[in-house]
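Peer 1: The following block contains the structure, expressed as C-alpha cells.
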Amino acid sequence: MSAALDTRTPQHLTVVGMPVHDLPTPCLVVDLDALNRNVQRMAAYCARHKVRLRPHAKTHKSADIGRVQMQAGAVGVCVQKVSEAEALVDVGASKLLITNEVIAPLKLMRVAELAQCVAGRNGQLGIVVDSLQGIDALGAAMALVHASIDVYVEINVGQNRCGVPPGEAAVPLAQAIGQHANMRFAGLQAYNGKLQHARTVAARRQAVADVAVQIQATRDALHAAGLPVPLVTGGGTGAFAIEIASGQYDEIQAGSYVFMDAEYMDNERDPSQPEFENSLFVLTQVMSVSADHVVCDAGHKSHAIDAGLPRVWTAEDETPLVFANGGDEHGILRAAQPGEALPALGSLIWLIPGHCDPTVNLHRRLYGVRGGLRHGRVDHVIRVDARGCVQ
C-alpha cells in the first residue's frame, strides 16, 4: 500500500516482518498486493468513464485504506453511522458522506460539529435525508455552528428501506433544504443494495434499468420545480458498470470491491466490469483432528455469517475443503470429496468470509501481508478505526 499504515505501537512493531504462518489465529489477513490491484482497477474504471468514486468505508472501517483509495482518485469516502464518521475524522479523514438518515437531536449536533471540524481542514461533510422533520432538525443543529453541509435527498429505488418515493415526493424536501443558509441541496442518493447481489448479469441489468427510470422521473420533477440536480450518488460493487452505463449516476459508492467476499464471488461475473480478487481472509489453524473431519479455531466470533458460512481457499496442491458451522469458537472442515486427505494438526487454513463488512467489524486490526498467503510476511498492521461504531 502506498499510504503509511499503522505500525506505531510496540505490539504492532513486533509483528511487522513476521512470517504469516506465525500470526496468532484466528485473525484477519489482507493480501496487500491483491487489495492494491482492486483499488487501482476501480479507480481507473471510474476515471475512464468520468464518474466520481466515493467508496464506502463501512467495508474496511479504516482511515488508512480510505487514504489509499483517495490517493488513487476517490473524492472521499462514505460512512453509514455518525460514530463511523467521528472515528475516521479523529484520524484525519475530511471528506465524508453519511449515507443514512439521522433524526436524534443529539446525534445531529454531533453531525454539525463534524461539519465544522472537517471545514477547518478544507474538507466537506454530506448527509442524506428523507423527511421534512429530519431536514428541520438538521437545520436547527447546523444553525449553531459556522459550517455548511451537503444534503442529499434519498429516493427509494427498490431497496425498500429508507427514502421517499421517486418523482414528485423529492421536490418539497429539496425546497426545504434550500431554506437553510448553511445547508446545500447536493443532489440525490439512489442506492439499491438488493440488485448488487442479483446472481445473473441479466437480472442486474433489468434491475438497473428500472432504477434508471425512477431516477429520471425524480430529476424531471425537480427540474420542473426549478431545482437542478447537482449529482446522483449510489451504486455498488455488484452492478456499478451497469449503473454507470445507465447515464444516471455521477458518483459510485462501491465498497466491497477492495476485499470481495464469498457472496459477491457467487455473482455471475459481468465482463464489462474489472475483475476483482479476494484480498481479505480469516487465517485459522487446525486444532483437532478426527477420522472424517478436522476442527479449526475460527468460529462465529471471527467471521460474520449473515450471508452464509465462509468458503475455504485452497491452493492447487491442497485438498478442497468445506467449512461447516462449529459454533462461536470452532469451525468444522471436511474434504469436499469423501475419502480425500484432511489437513494435519496445526495446519493453517484460509477462509474467505461470506460478508466482508461485518467480519471486519469483529476485529481490531488487519494484518497486511506481502509475498503471498503461504509464504508472505506482515508488511503493515492496519487499524480498524471504526470498529464497533453502531450509533
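In the C-alpha cells, chains take the letters A, B, ... in the order shown, each chain's residues start at 1, and ligands count up from 1 in the order shown.
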I'd like the neighbourhood of Leu97 in chain A as a PyMOL selection string, where a residue qualifies if any of its atoms comes within 7 Å (using only C-alpha atoms), though same-chain residues fewer than 5 positions away should be ignored.

Peer 2: chain A and resi 77-79+125-127

Peer 1: Can you spit out the residues from that selection as a PDB file, in the first residue's frame, using C-alpha atoms?

Peer 2:
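Output (out.pdb):
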```
ATOM      1  CA  VAL A  77     -15.495   8.075   1.485  1.00  0.00           C
ATOM      2  CA  CYS A  78     -18.975   7.088   2.589  1.00  0.00           C
ATOM      3  CA  VAL A  79     -19.948   6.011   6.086  1.00  0.00           C
ATOM      4  CA  LEU A 125     -19.403  16.622   5.108  1.00  0.00           C
ATOM      5  CA  GLY A 126     -22.563  15.344   3.468  1.00  0.00           C
ATOM      6  CA  ILE A 127     -25.648  13.536   4.729  1.00  0.00           C
TER       7      ILE A 127
END
```

Peer 1: What residues in range 322-373 of chain A get the DSSP label helix (DSSP H, G or I)? Please answer as a VMD selection string.

Peer 2: chain A and resid 356 to 360

Peer 1: Please produce an output containing C-alpha atoms for each residue in the selection, written as a PDB file, in the first residue's frame.

Peer 2:
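Final output, saved to out-v4.pdb:
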```pdb
ATOM      1  CA  CYS A 356     -16.669  -8.753   4.459  1.00  0.00           C
ATOM      2  CA  ASP A 357     -18.180  -5.696   6.203  1.00  0.00           C
ATOM      3  CA  PRO A 358     -19.453  -7.275   9.442  1.00  0.00           C
ATOM      4  CA  THR A 359     -16.473  -9.641   9.502  1.00  0.00           C
ATOM      5  CA  VAL A 360     -14.069  -6.675   9.645  1.00  0.00           C
TER       6      VAL A 360
END
```

Peer 1: Show me, as a Markdown table, the residues of range 1-120 of chain A having an atom within 9 Å of range 153-177 of chain A, each with the closest atom pair and its distance in Å, using only C-alpha atoms.

Peer 2:
```
| residue | atom | partner | partner_atom | distance |
| --- | --- | --- | --- | --- |
| A:Thr99 | CA | A:Glu154 | CA | 8.7 |
| A:Asn100 | CA | A:Cys162 | CA | 8.2 |
| A:Glu101 | CA | A:Cys162 | CA | 7.9 |
```

Peer 1: Just give me the gap between CA of Val384 in chain A and CA of Leu366 in chain A in Å, one decimal is fine.

Peer 2: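 Spanning CA of Val384 in chain A to CA of Leu366 in chain A is a straight-line distance of 7.1 Å.
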
Peer 1: Residues at most 12 Å from Arg269 in chain A, counting only C-alpha atoms, excluding those fewer than 6 positions away in the same chain, as a short mmCIF file (atom, residue, chain, number, x, y, z; two decimals) with C-alpha atoms, in the first residue's frame?

Peer 2:
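File produced: selection_29.cif:
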```cif
data_model
loop_
_atom_site.label_atom_id
_atom_site.label_comp_id
_atom_site.auth_asym_id
_atom_site.auth_seq_id
_atom_site.Cartn_x
_atom_site.Cartn_y
_atom_site.Cartn_z
CA GLN A 196 -26.00 -5.79 -6.22
CA HIS A 197 -26.48 -9.44 -5.36
CA ALA A 198 -28.75 -10.47 -8.19
CA ARG A 199 -26.88 -13.54 -9.36
CA THR A 200 -27.08 -13.11 -13.13
CA VAL A 201 -25.88 -10.20 -15.22
CA ALA A 202 -29.25 -10.12 -16.99
CA ARG A 204 -28.81 -6.89 -12.63
CA THR A 237 -19.77 -3.40 -6.25
CA GLY A 238 -22.16 -5.83 -7.91
CA ALA A 239 -23.56 -3.57 -10.63
CA ALA A 241 -20.62 -0.78 -14.50
CA GLU A 275 -12.19 -8.36 -12.24
CA PHE A 276 -11.65 -8.03 -8.50
CA GLU A 277 -9.77 -10.51 -6.34
#
```

Peer 1: So which residues touch Cys296 in chain A within 10 Å, counting only C-alpha atoms, skipping near sequence neighbours fewer than 2 positions away, as a PDB file with C-alpha atoms, in the first residue's frame?

Peer 2:
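As a result, around.pdb now contains:
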```pdb
ATOM      1  CA  THR A  25      -5.133 -17.360  14.912  1.00  0.00           C
ATOM      2  CA  PRO A  26      -7.875 -16.632  14.176  1.00  0.00           C
ATOM      3  CA  LEU A 283      -6.454 -17.155   8.930  1.00  0.00           C
ATOM      4  CA  THR A 284      -7.248 -20.117  11.151  1.00  0.00           C
ATOM      5  CA  GLN A 285      -5.436 -23.217  12.398  1.00  0.00           C
ATOM      6  CA  VAL A 286      -6.418 -26.856  12.709  1.00  0.00           C
ATOM      7  CA  MET A 287      -6.683 -27.527  16.438  1.00  0.00           C
ATOM      8  CA  SER A 288      -8.198 -31.024  16.494  1.00  0.00           C
ATOM      9  CA  VAL A 289      -8.275 -33.971  14.101  1.00  0.00           C
ATOM     10  CA  VAL A 294     -10.860 -31.558  11.434  1.00  0.00           C
ATOM     11  CA  ALA A 298     -12.352 -19.780  13.688  1.00  0.00           C
ATOM     12  CA  GLY A 299     -15.961 -19.748  14.847  1.00  0.00           C
ATOM     13  CA  PHE A 323     -16.498 -25.319   6.128  1.00  0.00           C
ATOM     14  CA  GLY A 326     -18.942 -25.342  14.682  1.00  0.00           C
ATOM     15  CA  GLU A 329     -15.099 -20.706  18.641  1.00  0.00           C
ATOM     16  CA  HIS A 330     -14.829 -23.606  16.196  1.00  0.00           C
ATOM     17  CA  GLY A 331     -15.211 -24.439  12.535  1.00  0.00           C
ATOM     18  CA  ILE A 332     -15.682 -27.935  11.131  1.00  0.00           C
ATOM     19  CA  LEU A 333     -13.759 -28.810   7.986  1.00  0.00           C
ATOM     20  CA  LEU A 345      -2.968 -30.914  13.213  1.00  0.00           C
ATOM     21  CA  GLY A 346      -1.517 -27.397  13.258  1.00  0.00           C
ATOM     22  CA  SER A 347      -2.146 -26.746   9.558  1.00  0.00           C
ATOM     23  CA  LEU A 348      -3.122 -23.205   8.569  1.00  0.00           C
ATOM     24  CA  ILE A 349      -6.413 -22.693   6.722  1.00  0.00           C
TER      25      ILE A 349
END
```

Peer 1: Between A:Ala47, A:Ala224, A:Val111, A:Ala324, which residue has the minimum interatomic distance to Lys81 in chain A, considering only C-alpha atoms?

Peer 2: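 Nearest candidate to Lys81 in chain A out of A:Ala47, A:Ala224, A:Val111, A:Ala324: A:Val111.
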
Peer 1: From a DSSP pass on the backbone, collect the residues of range 156-245 of chain A flagged as strand (DSSP E or B) and hand them back as a PyMOL selection string.

Peer 2: chain A and resi 164+183-190+232-234

Peer 1: Could you write out that same residue set with C-alpha atoms as a PDB file, in the first residue's frame?

Peer 2:
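Generated file (selection.pdb):
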```
ATOM      1  CA  VAL A 164     -39.017   8.886  -0.420  1.00  0.00           C
ATOM      2  CA  MET A 183     -27.378  23.594   4.005  1.00  0.00           C
ATOM      3  CA  ARG A 184     -26.914  22.910   0.292  1.00  0.00           C
ATOM      4  CA  PHE A 185     -29.121  20.661  -1.801  1.00  0.00           C
ATOM      5  CA  ALA A 186     -26.339  18.492  -3.232  1.00  0.00           C
ATOM      6  CA  GLY A 187     -28.440  16.013  -5.206  1.00  0.00           C
ATOM      7  CA  LEU A 188     -29.979  12.575  -4.845  1.00  0.00           C
ATOM      8  CA  GLN A 189     -28.963   9.314  -3.267  1.00  0.00           C
ATOM      9  CA  ALA A 190     -30.269   6.320  -5.219  1.00  0.00           C
ATOM     10  CA  VAL A 232     -26.738  11.497  -8.178  1.00  0.00           C
ATOM     11  CA  THR A 233     -24.784   9.195  -5.880  1.00  0.00           C
ATOM     12  CA  GLY A 234     -25.230   5.476  -5.308  1.00  0.00           C
TER      13      GLY A 234
END
```

Peer 1: Hey, what's within 10 Å of Met109 in chain A if we count only C-alpha atoms and toss same-chain stuff fewer than 6 positions away? As a list in words, please?

Peer 2: Ala115, Ala137, Leu138, Ala140, Ala141, Met142, Ala143, Leu144 and Val145 of chain A

Peer 1: For Pro271 in chain A, which of A:Ala225, A:Ile242, A:Leu23, A:Ile135 is the closest residue, counting only C-alpha atoms?

Peer 2: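 When distances to Pro271 in chain A are compared using only C-alpha atoms, the smallest one comes from A:Ile242.
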
Peer 1: Compile the contact shell of Glu340 in chain A as a list of chain:residue names: residues with an atom at most 12 Å away, counting only C-alpha atoms, same-chain residues fewer than 2 positions apart removed.

Peer 2: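 In the requested form, the answer reads A:Ala291, A:Asp292, A:His293, A:Glu318, A:Thr319, A:Pro320, A:Leu321, A:Arg334, A:Ala335, A:Ala336, A:Gln337, A:Pro338, A:Leu342, A:Pro343.
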
Peer 1: Tell me which protein, DNA and RNA residues are within 12 Å of Arg387 in chain A, counting only C-alpha atoms, leaving out same-chain ones fewer than 6 positions away, and put them as a list in words.

Peer 2: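 What passes the distance filter is Ala57, Lys58, Thr59, His60, Lys61, Ser62, Ala63, Lys81, Ser83, Glu84, Ala85, Glu86, Ala87, Leu88, Asp357, Pro358, Thr359, Val360, Asn361, Leu362, His363, Arg364, Arg365 and Leu366 of chain A.
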
Peer 1: Next, dump the selected residues to file, keeping only C-alpha atoms, as a JSON list (two decimals), in the first residue's frame.

Peer 2:
```json
[["chain", "number", "residue", "atom", "x", "y", "z"],
["A", 57, "ALA", "CA", -15.71, 2.87, 4.25],
["A", 58, "LYS", "CA", -18.14, 0.67, 6.19],
["A", 59, "THR", "CA", -16.39, -2.16, 4.35],
["A", 60, "HIS", "CA", -12.93, -1.59, 5.82],
["A", 61, "LYS", "CA", -13.61, 0.97, 8.60],
["A", 62, "SER", "CA", -10.03, 2.15, 8.22],
["A", 63, "ALA", "CA", -8.78, 5.68, 7.61],
["A", 81, "LYS", "CA", -23.12, 5.91, 11.03],
["A", 83, "SER", "CA", -19.83, 7.35, 15.02],
["A", 84, "GLU", "CA", -18.07, 5.88, 11.96],
["A", 85, "ALA", "CA", -17.60, 9.41, 10.66],
["A", 86, "GLU", "CA", -16.28, 10.57, 14.04],
["A", 87, "ALA", "CA", -13.80, 7.69, 14.23],
["A", 88, "LEU", "CA", -12.42, 8.40, 10.77],
["A", 357, "ASP", "CA", -18.18, -5.70, 6.20],
["A", 358, "PRO", "CA", -19.45, -7.27, 9.44],
["A", 359, "THR", "CA", -16.47, -9.64, 9.50],
["A", 360, "VAL", "CA", -14.07, -6.67, 9.65],
["A", 361, "ASN", "CA", -16.19, -5.18, 12.43],
["A", 362, "LEU", "CA", -15.28, -8.18, 14.63],
["A", 363, "HIS", "CA", -11.54, -7.42, 14.55],
["A", 364, "ARG", "CA", -9.38, -4.64, 15.95],
["A", 365, "ARG", "CA", -6.71, -4.90, 13.28],
["A", 366, "LEU", "CA", -5.96, -6.34, 9.87]]
```
